[in-house]
>>> print(open('upload_24.csv').read())   # CSV, C-alpha atoms and all ligand atoms
chain,number,residue,atom,x,y,z
A,1,MET,CA,301.5,-17.5,43.4
A,2,PRO,CA,303.7,-16.8,40.3
A,3,LEU,CA,304.9,-20.0,38.6
A,4,THR,CA,308.6,-19.6,39.3
A,5,GLU,CA,307.9,-18.9,43.0
A,6,LEU,CA,305.7,-22.0,43.2
A,7,GLU,CA,308.3,-24.2,41.6
A,8,ALA,CA,311.1,-22.8,43.8
A,9,GLU,CA,308.9,-23.3,46.9
A,10,VAL,CA,308.1,-26.9,46.0
A,11,SER,CA,311.7,-27.8,45.2
A,12,ALA,CA,313.0,-26.1,48.4
A,13,TYR,CA,310.4,-28.0,50.4
A,14,ALA,CA,311.2,-31.3,48.8
A,15,ALA,CA,314.9,-30.8,49.4
A,16,ARG,CA,314.2,-30.6,53.2
A,17,HIS,CA,312.3,-33.9,53.2
A,18,VAL,CA,312.9,-37.5,52.4
A,19,ILE,CA,311.3,-38.4,49.1
A,20,GLU,CA,310.5,-42.1,49.0
A,21,HIS,CA,308.4,-42.1,45.9
A,22,ASP,CA,309.3,-39.6,43.1
A,23,LEU,CA,306.3,-39.6,40.8
A,24,THR,CA,307.5,-36.7,38.7
A,25,SER,CA,308.6,-39.3,36.1
A,26,ALA,CA,308.1,-43.0,35.3
A,27,SER,CA,310.4,-45.6,36.8
A,28,THR,CA,313.0,-46.9,34.3
A,29,VAL,CA,314.0,-49.5,36.9
A,30,ALA,CA,310.5,-51.0,37.1
A,31,PHE,CA,310.2,-50.6,33.3
A,32,PRO,CA,313.7,-51.0,31.8
A,33,PRO,CA,314.4,-50.5,28.0
A,34,PRO,CA,313.9,-53.5,25.8
A,35,PRO,CA,317.0,-55.8,25.5
A,36,SER,CA,317.4,-55.0,21.8
A,37,PHE,CA,318.1,-51.3,22.7
A,38,LEU,CA,320.8,-52.2,25.1
A,39,ASP,CA,322.3,-54.8,22.8
A,40,ASP,CA,322.4,-52.4,19.8
A,41,PHE,CA,323.9,-49.6,22.0
A,42,ASN,CA,326.6,-51.9,23.4
A,43,ARG,CA,327.4,-53.3,20.1
A,44,ALA,CA,327.9,-49.8,18.7
A,45,ILE,CA,330.3,-49.0,21.6
A,46,ARG,CA,332.3,-52.2,21.2
A,47,ALA,CA,332.6,-51.7,17.4
A,48,GLY,CA,334.0,-48.2,18.1
A,49,ARG,CA,331.2,-46.4,16.2
A,50,SER,CA,331.9,-43.3,18.2
A,51,GLY,CA,332.5,-40.8,15.4
A,52,TYR,CA,330.2,-38.1,14.1
A,53,THR,CA,327.4,-39.4,11.9
A,54,GLU,CA,325.8,-37.5,9.1
A,55,VAL,CA,324.2,-34.3,10.4
A,56,ARG,CA,320.7,-35.7,10.0
A,57,GLY,CA,321.7,-38.9,11.7
A,58,SER,CA,323.3,-42.1,10.5
A,59,ALA,CA,322.2,-42.8,6.9
A,60,SER,CA,322.0,-46.6,7.7
A,61,VAL,CA,319.8,-46.0,10.8
A,62,ARG,CA,317.5,-43.6,8.8
A,63,GLU,CA,317.2,-46.2,6.1
A,64,LEU,CA,316.1,-48.8,8.6
A,65,LEU,CA,313.6,-46.4,10.2
A,66,ALA,CA,312.0,-44.9,7.1
A,67,PRO,CA,309.8,-47.9,6.1
A,68,ARG,CA,308.8,-48.5,9.7
A,69,LEU,CA,307.8,-44.9,10.2
A,70,SER,CA,306.0,-44.9,6.8
A,71,LYS,CA,303.9,-47.8,8.1
A,72,MET,CA,303.4,-46.2,11.5
A,73,LEU,CA,302.4,-42.7,10.3
A,74,GLY,CA,300.6,-43.8,7.1
A,75,VAL,CA,302.7,-41.5,4.9
A,76,GLU,CA,305.6,-42.1,2.6
A,77,VAL,CA,308.7,-41.3,4.7
A,78,ASP,CA,312.0,-41.0,2.7
A,79,SER,CA,315.2,-41.6,4.7
A,80,GLU,CA,317.0,-38.7,3.0
A,81,ARG,CA,314.3,-36.1,2.7
A,82,ASN,CA,312.0,-36.5,5.7
A,83,LEU,CA,314.0,-37.7,8.7
A,84,VAL,CA,316.2,-35.9,11.2
A,85,LEU,CA,317.5,-37.6,14.3
A,86,THR,CA,317.7,-35.4,17.3
A,87,ALA,CA,319.2,-35.5,20.8
A,88,GLY,CA,315.9,-36.5,22.4
A,89,THR,CA,312.4,-35.5,21.3
A,90,GLN,CA,312.9,-32.2,23.2
A,91,ALA,CA,315.7,-31.1,20.9
A,92,GLY,CA,313.4,-31.9,18.0
A,93,LEU,CA,310.7,-29.7,19.4
A,94,PHE,CA,313.2,-26.9,20.1
A,95,ALA,CA,314.8,-27.1,16.6
A,96,THR,CA,311.3,-27.0,15.0
A,97,LEU,CA,310.4,-23.9,16.9
A,98,ALA,CA,313.7,-22.3,16.0
A,99,VAL,CA,312.7,-22.8,12.3
A,100,LEU,CA,309.0,-22.0,12.5
A,101,ALA,CA,308.6,-19.4,15.3
A,102,GLN,CA,310.2,-16.0,14.8
A,103,SER,CA,310.3,-13.1,17.3
A,104,GLY,CA,306.9,-11.4,17.4
A,105,ASP,CA,304.9,-14.5,16.1
A,106,SER,CA,302.1,-16.1,18.0
A,107,VAL,CA,302.2,-19.9,18.5
A,108,LEU,CA,298.9,-21.7,19.5
A,109,LEU,CA,299.6,-24.1,22.3
A,110,ALA,CA,297.5,-26.8,23.9
A,111,ASP,CA,296.8,-25.7,27.5
A,112,PRO,CA,297.9,-27.4,29.7
A,113,GLU,CA,301.1,-28.1,27.8
A,114,TYR,CA,304.1,-30.4,28.4
A,115,LEU,CA,306.3,-28.3,30.7
A,116,CYS,CA,308.7,-26.9,28.1
A,117,ASP,CA,306.5,-25.8,25.2
A,118,ALA,CA,305.6,-22.3,26.3
A,119,ARG,CA,309.1,-21.6,27.6
A,120,ALA,CA,310.6,-22.7,24.3
A,121,VAL,CA,308.2,-20.6,22.3
A,122,ALA,CA,309.0,-17.6,24.5
A,123,PHE,CA,312.7,-18.3,24.1
A,124,PHE,CA,312.4,-17.4,20.4
A,125,GLY,CA,310.6,-14.2,21.3
A,126,ALA,CA,307.3,-15.6,20.1
A,127,GLU,CA,304.1,-15.4,22.1
A,128,PRO,CA,302.4,-18.5,23.4
A,129,VAL,CA,298.7,-18.3,22.9
A,130,TYR,CA,297.0,-20.9,25.2
A,131,VAL,CA,294.2,-23.1,23.8
A,132,PRO,CA,292.3,-24.9,26.5
A,133,PHE,CA,290.7,-28.3,26.1
A,134,ALA,CA,287.0,-28.3,25.2
A,135,ARG,CA,287.0,-32.0,26.2
A,136,VAL,CA,289.6,-34.3,27.9
A,137,GLY,CA,289.9,-38.1,27.9
A,138,ALA,CA,289.6,-40.6,25.1
A,139,ASN,CA,287.7,-38.3,22.8
A,140,ALA,CA,289.5,-35.0,23.5
A,141,ALA,CA,289.3,-31.7,21.6
A,142,LEU,CA,291.0,-28.3,22.0
A,143,ASP,CA,288.8,-25.2,21.7
A,144,LEU,CA,288.5,-24.7,17.9
A,145,ASP,CA,287.0,-21.2,18.2
A,146,ILE,CA,290.2,-20.0,20.0
A,147,ILE,CA,292.4,-21.7,17.3
A,148,GLU,CA,290.3,-20.2,14.5
A,149,GLN,CA,290.6,-16.7,16.1
A,150,GLY,CA,294.3,-17.2,16.7
A,151,LEU,CA,294.9,-18.2,13.1
A,152,ARG,CA,292.8,-15.2,12.0
A,153,ASP,CA,295.1,-13.0,14.1
A,154,GLY,CA,298.1,-14.3,12.3
A,155,ALA,CA,299.4,-17.4,14.2
A,156,ARG,CA,301.1,-19.8,11.8
A,157,VAL,CA,302.0,-22.6,14.1
A,158,VAL,CA,299.8,-24.9,16.3
A,159,MET,CA,301.6,-27.1,18.8
A,160,PHE,CA,300.3,-29.9,21.0
A,161,SER,CA,301.3,-33.3,22.4
A,162,ASN,CA,298.9,-36.1,21.4
A,163,PRO,CA,298.5,-38.3,23.3
A,164,HIS,CA,298.7,-35.5,25.7
A,165,ASN,CA,301.0,-34.9,28.6
A,166,PRO,CA,299.9,-34.1,31.3
A,167,THR,CA,296.2,-35.1,31.0
A,168,GLY,CA,296.6,-38.4,29.2
A,169,SER,CA,294.0,-37.3,26.7
A,170,VAL,CA,293.8,-38.5,23.0
A,171,LEU,CA,292.6,-36.0,20.5
A,172,ALA,CA,289.5,-37.3,18.7
A,173,PRO,CA,289.7,-37.9,14.9
A,174,ASP,CA,286.8,-35.6,14.2
A,175,PHE,CA,288.6,-32.7,16.1
A,176,LEU,CA,291.8,-33.4,14.2
A,177,ARG,CA,290.0,-33.3,10.8
A,178,ARG,CA,288.3,-30.0,11.7
A,179,LEU,CA,291.7,-28.6,12.8
A,180,SER,CA,293.2,-29.7,9.5
A,181,GLU,CA,290.6,-27.7,7.6
A,182,LEU,CA,291.4,-24.6,9.6
A,183,LEU,CA,295.1,-25.1,8.9
A,184,LEU,CA,294.7,-25.5,5.2
A,185,ASP,CA,292.7,-22.2,5.0
A,186,ALA,CA,295.3,-20.4,7.1
A,187,ASP,CA,298.3,-22.0,5.5
A,188,ALA,CA,299.7,-22.9,9.0
A,189,TRP,CA,302.0,-25.5,10.4
A,190,VAL,CA,301.4,-28.2,13.1
A,191,LEU,CA,304.1,-29.3,15.5
A,192,ALA,CA,302.6,-32.7,16.6
A,193,ASP,CA,304.5,-34.1,19.6
A,194,GLU,CA,303.5,-37.8,19.3
A,195,LEU,CA,306.0,-39.2,21.7
A,196,TYR,CA,303.2,-41.3,23.4
A,197,ALA,CA,301.7,-42.5,20.1
A,198,ARG,CA,302.2,-46.2,21.1
A,199,PHE,CA,301.1,-45.6,24.7
A,200,VAL,CA,297.3,-45.7,24.2
A,201,TYR,CA,294.7,-47.7,26.1
A,202,GLU,CA,292.1,-49.7,24.3
A,203,GLU,CA,289.2,-47.2,24.6
A,204,ALA,CA,290.9,-44.5,22.6
A,205,GLN,CA,291.4,-44.1,18.9
A,206,PHE,CA,294.7,-42.4,18.1
A,207,THR,CA,295.3,-40.6,14.7
A,208,HIS,CA,298.7,-39.5,13.5
A,209,PHE,CA,298.2,-35.9,12.4
A,210,ALA,CA,300.5,-36.3,9.3
A,211,SER,CA,298.2,-39.0,8.0
A,212,ILE,CA,295.2,-36.6,7.6
A,213,PRO,CA,294.7,-35.6,4.0
A,214,GLY,CA,296.6,-32.5,3.2
A,215,MET,CA,298.5,-32.4,6.5
A,216,TRP,CA,301.8,-34.3,5.6
A,217,GLU,CA,303.1,-31.2,3.9
A,218,ARG,CA,302.5,-29.0,6.9
A,219,THR,CA,303.2,-31.3,9.8
A,220,VAL,CA,306.4,-31.9,11.8
A,221,THR,CA,305.9,-35.1,13.9
A,222,ALA,CA,308.2,-35.5,16.9
A,223,LEU,CA,308.8,-39.0,18.1
A,224,GLY,CA,311.2,-41.0,20.2
A,225,PRO,CA,311.8,-44.0,22.5
A,226,SER,CA,311.9,-42.0,25.7
A,227,LYS,CA,308.5,-43.2,27.1
A,228,THR,CA,307.2,-46.4,25.6
A,229,GLU,CA,310.7,-47.9,25.6
A,230,SER,CA,312.0,-46.1,28.7
A,231,GLY,CA,314.8,-44.7,26.6
A,232,SER,CA,314.9,-41.2,28.1
A,233,GLY,CA,318.5,-41.5,29.2
A,234,PHE,CA,319.6,-42.3,25.7
A,235,ARG,CA,318.7,-38.7,24.6
A,236,ILE,CA,317.5,-39.7,21.1
A,237,GLY,CA,314.5,-38.6,19.1
A,238,VAL,CA,313.2,-38.4,15.5
A,239,LEU,CA,311.6,-35.6,13.5
A,240,VAL,CA,309.5,-36.6,10.6
A,241,CYS,CA,309.0,-33.6,8.4
A,242,PRO,CA,308.2,-32.4,4.8
A,243,GLU,CA,311.3,-32.2,2.5
A,244,ARG,CA,311.3,-28.4,2.5
A,245,LEU,CA,312.0,-28.2,6.3
A,246,ALA,CA,314.6,-30.9,6.6
A,247,PRO,CA,317.7,-28.8,5.6
A,248,MET,CA,316.7,-26.0,8.1
A,249,LEU,CA,316.1,-28.5,10.9
A,250,SER,CA,319.4,-30.1,10.2
A,251,SER,CA,321.2,-26.8,10.4
A,252,VAL,CA,319.7,-26.0,13.8
A,253,ILE,CA,320.6,-29.5,15.1
A,254,GLU,CA,324.1,-29.0,13.8
A,255,LEU,CA,324.4,-25.7,15.8
A,256,MET,CA,322.8,-27.2,18.9
A,257,THR,CA,324.4,-30.6,19.3
A,258,ILE,CA,326.5,-31.2,16.0
A,259,ARG,CA,324.6,-34.5,15.7
A,260,ALA,CA,322.4,-36.7,17.9
A,261,PRO,CA,324.6,-39.0,20.0
A,262,ALA,CA,325.9,-41.7,17.8
A,263,TYR,CA,325.6,-44.7,20.1
A,264,SER,CA,322.0,-43.8,20.8
A,265,GLN,CA,321.2,-43.5,17.1
A,266,TYR,CA,322.4,-47.1,16.7
A,267,ALA,CA,320.2,-48.1,19.6
A,268,LEU,CA,317.3,-47.4,17.3
A,269,GLU,CA,318.4,-50.2,14.8
A,270,HIS,CA,315.6,-52.5,16.1
A,271,TRP,CA,313.2,-49.7,17.2
A,272,LEU,CA,309.6,-50.1,15.9
A,273,CYS,CA,310.4,-53.5,14.6
A,274,GLY,CA,308.8,-56.7,15.8
A,275,ASP,CA,308.2,-55.3,19.3
A,276,GLU,CA,304.4,-55.3,19.2
A,277,GLU,CA,304.2,-58.0,21.9
A,278,SER,CA,306.5,-56.2,24.4
A,279,VAL,CA,304.7,-52.9,23.8
A,280,ARG,CA,301.3,-54.6,24.3
A,281,SER,CA,302.5,-56.2,27.5
A,282,ARG,CA,303.9,-52.9,28.9
A,283,VAL,CA,300.7,-51.0,28.0
A,284,ALA,CA,298.7,-53.8,29.7
A,285,THR,CA,300.7,-53.5,32.9
A,286,TYR,CA,300.3,-49.7,32.8
A,287,LEU,CA,296.5,-50.2,32.3
A,288,THR,CA,296.4,-52.2,35.5
A,289,LEU,CA,298.3,-49.5,37.4
A,290,ARG,CA,296.0,-46.8,35.9
A,291,ASP,CA,292.9,-48.7,37.0
A,292,VAL,CA,294.2,-49.4,40.5
A,293,SER,CA,295.0,-45.6,40.8
A,294,VAL,CA,291.7,-44.4,39.5
A,295,ALA,CA,289.7,-46.8,41.5
A,296,ARG,CA,291.3,-45.7,44.8
A,297,LEU,CA,291.6,-42.0,44.1
A,298,SER,CA,288.0,-41.7,42.9
A,299,LYS,CA,286.9,-42.6,46.4
A,300,VAL,CA,288.5,-39.3,47.7
A,301,LYS,CA,285.6,-36.9,48.1
A,302,GLY,CA,286.0,-33.8,46.1
A,303,LEU,CA,288.9,-35.1,43.9
A,304,ASP,CA,288.2,-35.1,40.1
A,305,VAL,CA,290.5,-37.9,38.9
A,306,ARG,CA,289.9,-37.7,35.1
A,307,VAL,CA,290.8,-41.1,33.6
A,308,PRO,CA,293.7,-40.9,31.2
A,309,ALA,CA,293.2,-42.6,27.8
A,310,ALA,CA,296.9,-42.9,27.1
A,311,THR,CA,300.4,-42.2,28.7
A,312,GLY,CA,301.3,-43.0,32.3
A,313,TRP,CA,300.2,-39.7,33.7
A,314,LEU,CA,297.3,-38.8,36.1
A,315,PHE,CA,296.4,-35.2,36.3
A,316,PRO,CA,293.7,-34.9,39.1
A,317,ASP,CA,291.9,-31.7,39.9
A,318,ILE,CA,292.2,-30.8,43.5
A,319,SER,CA,290.4,-27.4,43.4
A,320,GLN,CA,287.3,-28.7,45.1
A,321,LEU,CA,289.3,-30.5,47.8
A,322,ALA,CA,292.2,-28.5,49.1
A,323,SER,CA,292.6,-24.8,49.7
A,324,SER,CA,295.7,-24.6,47.4
A,325,GLU,CA,297.8,-26.5,45.0
A,326,LEU,CA,300.9,-25.8,47.1
A,327,GLU,CA,299.3,-27.1,50.3
A,328,THR,CA,298.4,-30.3,48.5
A,329,VAL,CA,301.9,-30.8,47.0
A,330,GLU,CA,303.6,-30.1,50.3
A,331,SER,CA,301.3,-32.4,52.2
A,332,LEU,CA,302.2,-35.2,49.7
A,333,ILE,CA,305.9,-34.4,50.2
A,334,ASP,CA,305.4,-34.7,54.0
A,335,ALA,CA,304.2,-38.2,53.3
A,336,GLY,CA,307.3,-38.9,51.1
A,337,VAL,CA,305.6,-38.5,47.7
A,338,LEU,CA,306.8,-36.0,45.1
A,339,VAL,CA,304.4,-34.8,42.3
A,340,THR,CA,304.5,-31.9,40.0
A,341,PRO,CA,302.2,-28.9,40.6
A,342,GLY,CA,299.7,-28.4,37.8
A,343,ALA,CA,300.4,-24.7,37.2
A,344,SER,CA,303.8,-25.7,35.8
A,345,PHE,CA,301.9,-26.9,32.7
A,346,GLY,CA,300.1,-23.7,31.9
A,347,PRO,CA,297.1,-21.7,33.1
A,348,SER,CA,294.6,-24.6,32.9
A,349,GLY,CA,296.8,-26.7,35.0
A,350,ALA,CA,296.3,-24.6,38.1
A,351,GLY,CA,294.4,-26.5,40.8
A,352,CYS,CA,295.8,-29.9,39.5
A,353,PHE,CA,298.9,-32.0,40.1
A,354,ARG,CA,300.6,-34.5,37.9
A,355,MET,CA,301.8,-37.9,39.0
A,356,SER,CA,303.2,-40.8,37.1
A,357,PHE,CA,301.7,-44.3,37.8
A,358,GLY,CA,304.5,-45.9,35.8
A,359,GLN,CA,306.0,-47.3,39.0
A,360,ASP,CA,306.9,-50.6,40.6
A,361,PRO,CA,303.7,-52.7,40.4
A,362,THR,CA,304.5,-54.7,43.5
A,363,THR,CA,304.3,-51.6,45.8
A,364,TRP,CA,302.0,-49.3,43.8
A,365,THR,CA,298.8,-50.1,45.8
A,366,GLU,CA,300.4,-49.0,49.0
A,367,VAL,CA,301.7,-45.8,47.4
A,368,VAL,CA,298.2,-44.9,46.0
A,369,GLU,CA,296.8,-45.7,49.4
A,370,ARG,CA,299.2,-43.2,51.0
A,371,ILE,CA,298.3,-40.5,48.4
A,372,ALA,CA,294.6,-41.1,48.9
A,373,GLU,CA,295.0,-40.8,52.7
A,374,VAL,CA,296.8,-37.5,52.4
A,375,LEU,CA,294.2,-36.1,50.0
A,376,THR,CA,291.3,-37.3,52.2
A,377,SER,CA,292.8,-35.6,55.3
A,378,LEU,CA,293.2,-32.4,53.3
A,379,ALA,CA,289.5,-32.6,52.3
A,380,SER,CA,288.4,-33.1,55.9
A,381,GLU,CA,290.6,-30.1,57.1
A,382,ARG,CA,289.1,-27.7,54.5
A,383,PRO,CA,286.7,-25.2,56.1
A,384,SER,CA,283.2,-25.7,54.8
A,385,GLU,CA,281.9,-22.7,52.7
A,401,LIG,C1,305.0,-34.7,25.5
A,401,LIG,C2,306.5,-34.8,25.7
A,401,LIG,N1,307.3,-34.3,24.7
A,401,LIG,C3,308.6,-34.4,24.8
A,401,LIG,C4,309.3,-34.9,25.9
A,401,LIG,C5,310.8,-34.9,25.9
A,401,LIG,O1,311.2,-36.2,25.6
A,401,LIG,P1,312.7,-36.6,25.4
A,401,LIG,O2,313.2,-37.3,26.6
A,401,LIG,O3,312.6,-37.6,24.2
A,401,LIG,O4,313.4,-35.4,25.0
A,401,LIG,C6,308.5,-35.3,27.0
A,401,LIG,C7,309.2,-35.8,28.2
A,401,LIG,O5,308.5,-36.1,29.2
A,401,LIG,C8,307.1,-35.3,26.9
A,401,LIG,O6,306.3,-35.8,27.8
>>> encode(input="upload_24.csv", output="structure tokens")
Amino acid sequence: MPLTELEAEVSAYAARHVIEHDLTSASTVAFPPPPSFLDDFNRAIRAGRSGYTEVRGSASVRELLAPRLSKMLGVEVDSERNLVLTAGTQAGLFATLAVLAQSGDSVLLADPEYLCDARAVAFFGAEPVYVPFARVGANAALDLDIIEQGLRDGARVVMFSNPHNPTGSVLAPDFLRRLSELLLDADAWVLADELYARFVYEEAQFTHFASIPGMWERTVTALGPSKTESGSGFRIGVLVCPERLAPMLSSVIELMTIRAPAYSQYALEHWLCGDEESVRSRVATYLTLRDVSVARLSKVKGLDVRVPAATGWLFPDISQLASSELETVESLIDAGVLVTPGASFGPSGAGCFRMSFGQDPTTWTEVVERIAEVLTSLASERPSE
């Protein structure tokens, strides 16, 4: 089924049913933003800081963030030269593609990708070239042969999320080093969407791409508080980029949104600062939710659960269990559970679905049980081949 038809069918089906558990995103009620976010945001409102900031974002906020981002990324981030605040991480990705991807170009994309990447690439008239995973999980890798061929064919941008939405994979340091060698040879860019950089479970080793020797000059890193801090409603993100790109990125931001929302910029005043304990505690709670989900769903015969090493996403493969992705998603909707069909994430996503386990821990076991029962009944209905 073509993707748009599949998506239209799923949303029409969902609209005719009562959805008790929407697992297409994490619960910001069960996991609210940290108090410092709300305090800083409210203080900015009360102080009337409602005017336009500098185009790149408030100079005072960038000055606070630069040393914290330098420490986090392992590169020297200058507040004037290397930082652009954006209206959400998504606006940063879109602005970067506006600068780096021209009509007729090819952009190498991790497949599956995070919902919007291929569409954004196509919006600029560029062609998405899908690069499937060679390995998923804690030690993941994309297919380097396809990347090498794509660069040889003229692609000048490689784009991926790491940690990866939707599989929850973390790209292995050895893969990233080999990728960096290819990029140097080809003089190409990386757009590294590292939104989930602090959402990594203990078994995985996460590397910021910009920290790899030679890569700082050719990497745009997209970050933001939407996930780890549940700040998706604030619509704020950060691009960390080489000096030569910052003026062009700012021009695009100016045309798109004039500036990032001012109140939300000020909500970053205490971001990445002394919050290690709250992040650790949130990741620990998510780890428990992950393990509960994996333990129960692994018992469903024919389901390939694929344990995520980061993020709050599960991306199980149902191709051995149900006759179609649509049947699976609709059966879950019948049971009041909404998930996202895997084909929405690119060709390799077909036969999978994505669900967020970032939900209320007090009821999660029951929700997983309900999902497991639906999937088990699908498996038993499937005609044997
Ligand atoms: C990998 C990835 N990148 C970017 C985004 C967009 O994030 P934001 O809400 O900061 O625009 C998302 C949101 O789900 C995401 O998962």
>>> residues_near_ligand(input="upload_24.csv", ligand="ligand LIG 401 (chain A)", cutoff="9 Å", atoms="only C-alpha atoms and all ligand atoms", output="count of residues only")
40
>>> atom_distance(input="upload_24.csv", atom1="CA of Thr53 in chain A", atom2="CA of Arg81 in chain A")
16.3 Å
>>> closest_residue(input="upload_24.csv", among="A:Val367, A:Ala310, A:Ser356, A:Ala284", to="Thr28 in chain A", atoms="all atoms listed in the file")
A:Ser356
>>> residues_near_point(input="upload_24.csv", point="(305.7, -33.4, 10.3)", cutoff="8 Å", atoms="only C-alpha atoms", output="PyMOL selection string")
chain A and resi 190-192+210+216-222+239-242
>>> closest_residue(input="upload_24.csv", among="A:Leu338, A:Ala295, A:Val10, A:Leu378", to="Ser323 in chain A", atoms="all atoms listed in the file")
A:Leu378
>>> closest_residue(input="upload_24.csv", among="A:Ile258, A:Ala186, A:Ala122, A:Leu326", to="Gly150 in chain A", atoms="all atoms listed in the file")
A:Ala186
>>> atom_distance(input="upload_24.csv", atom1="CA of Leu375 in chain A", atom2="CA of Glu20 in chain A")
17.4 Å
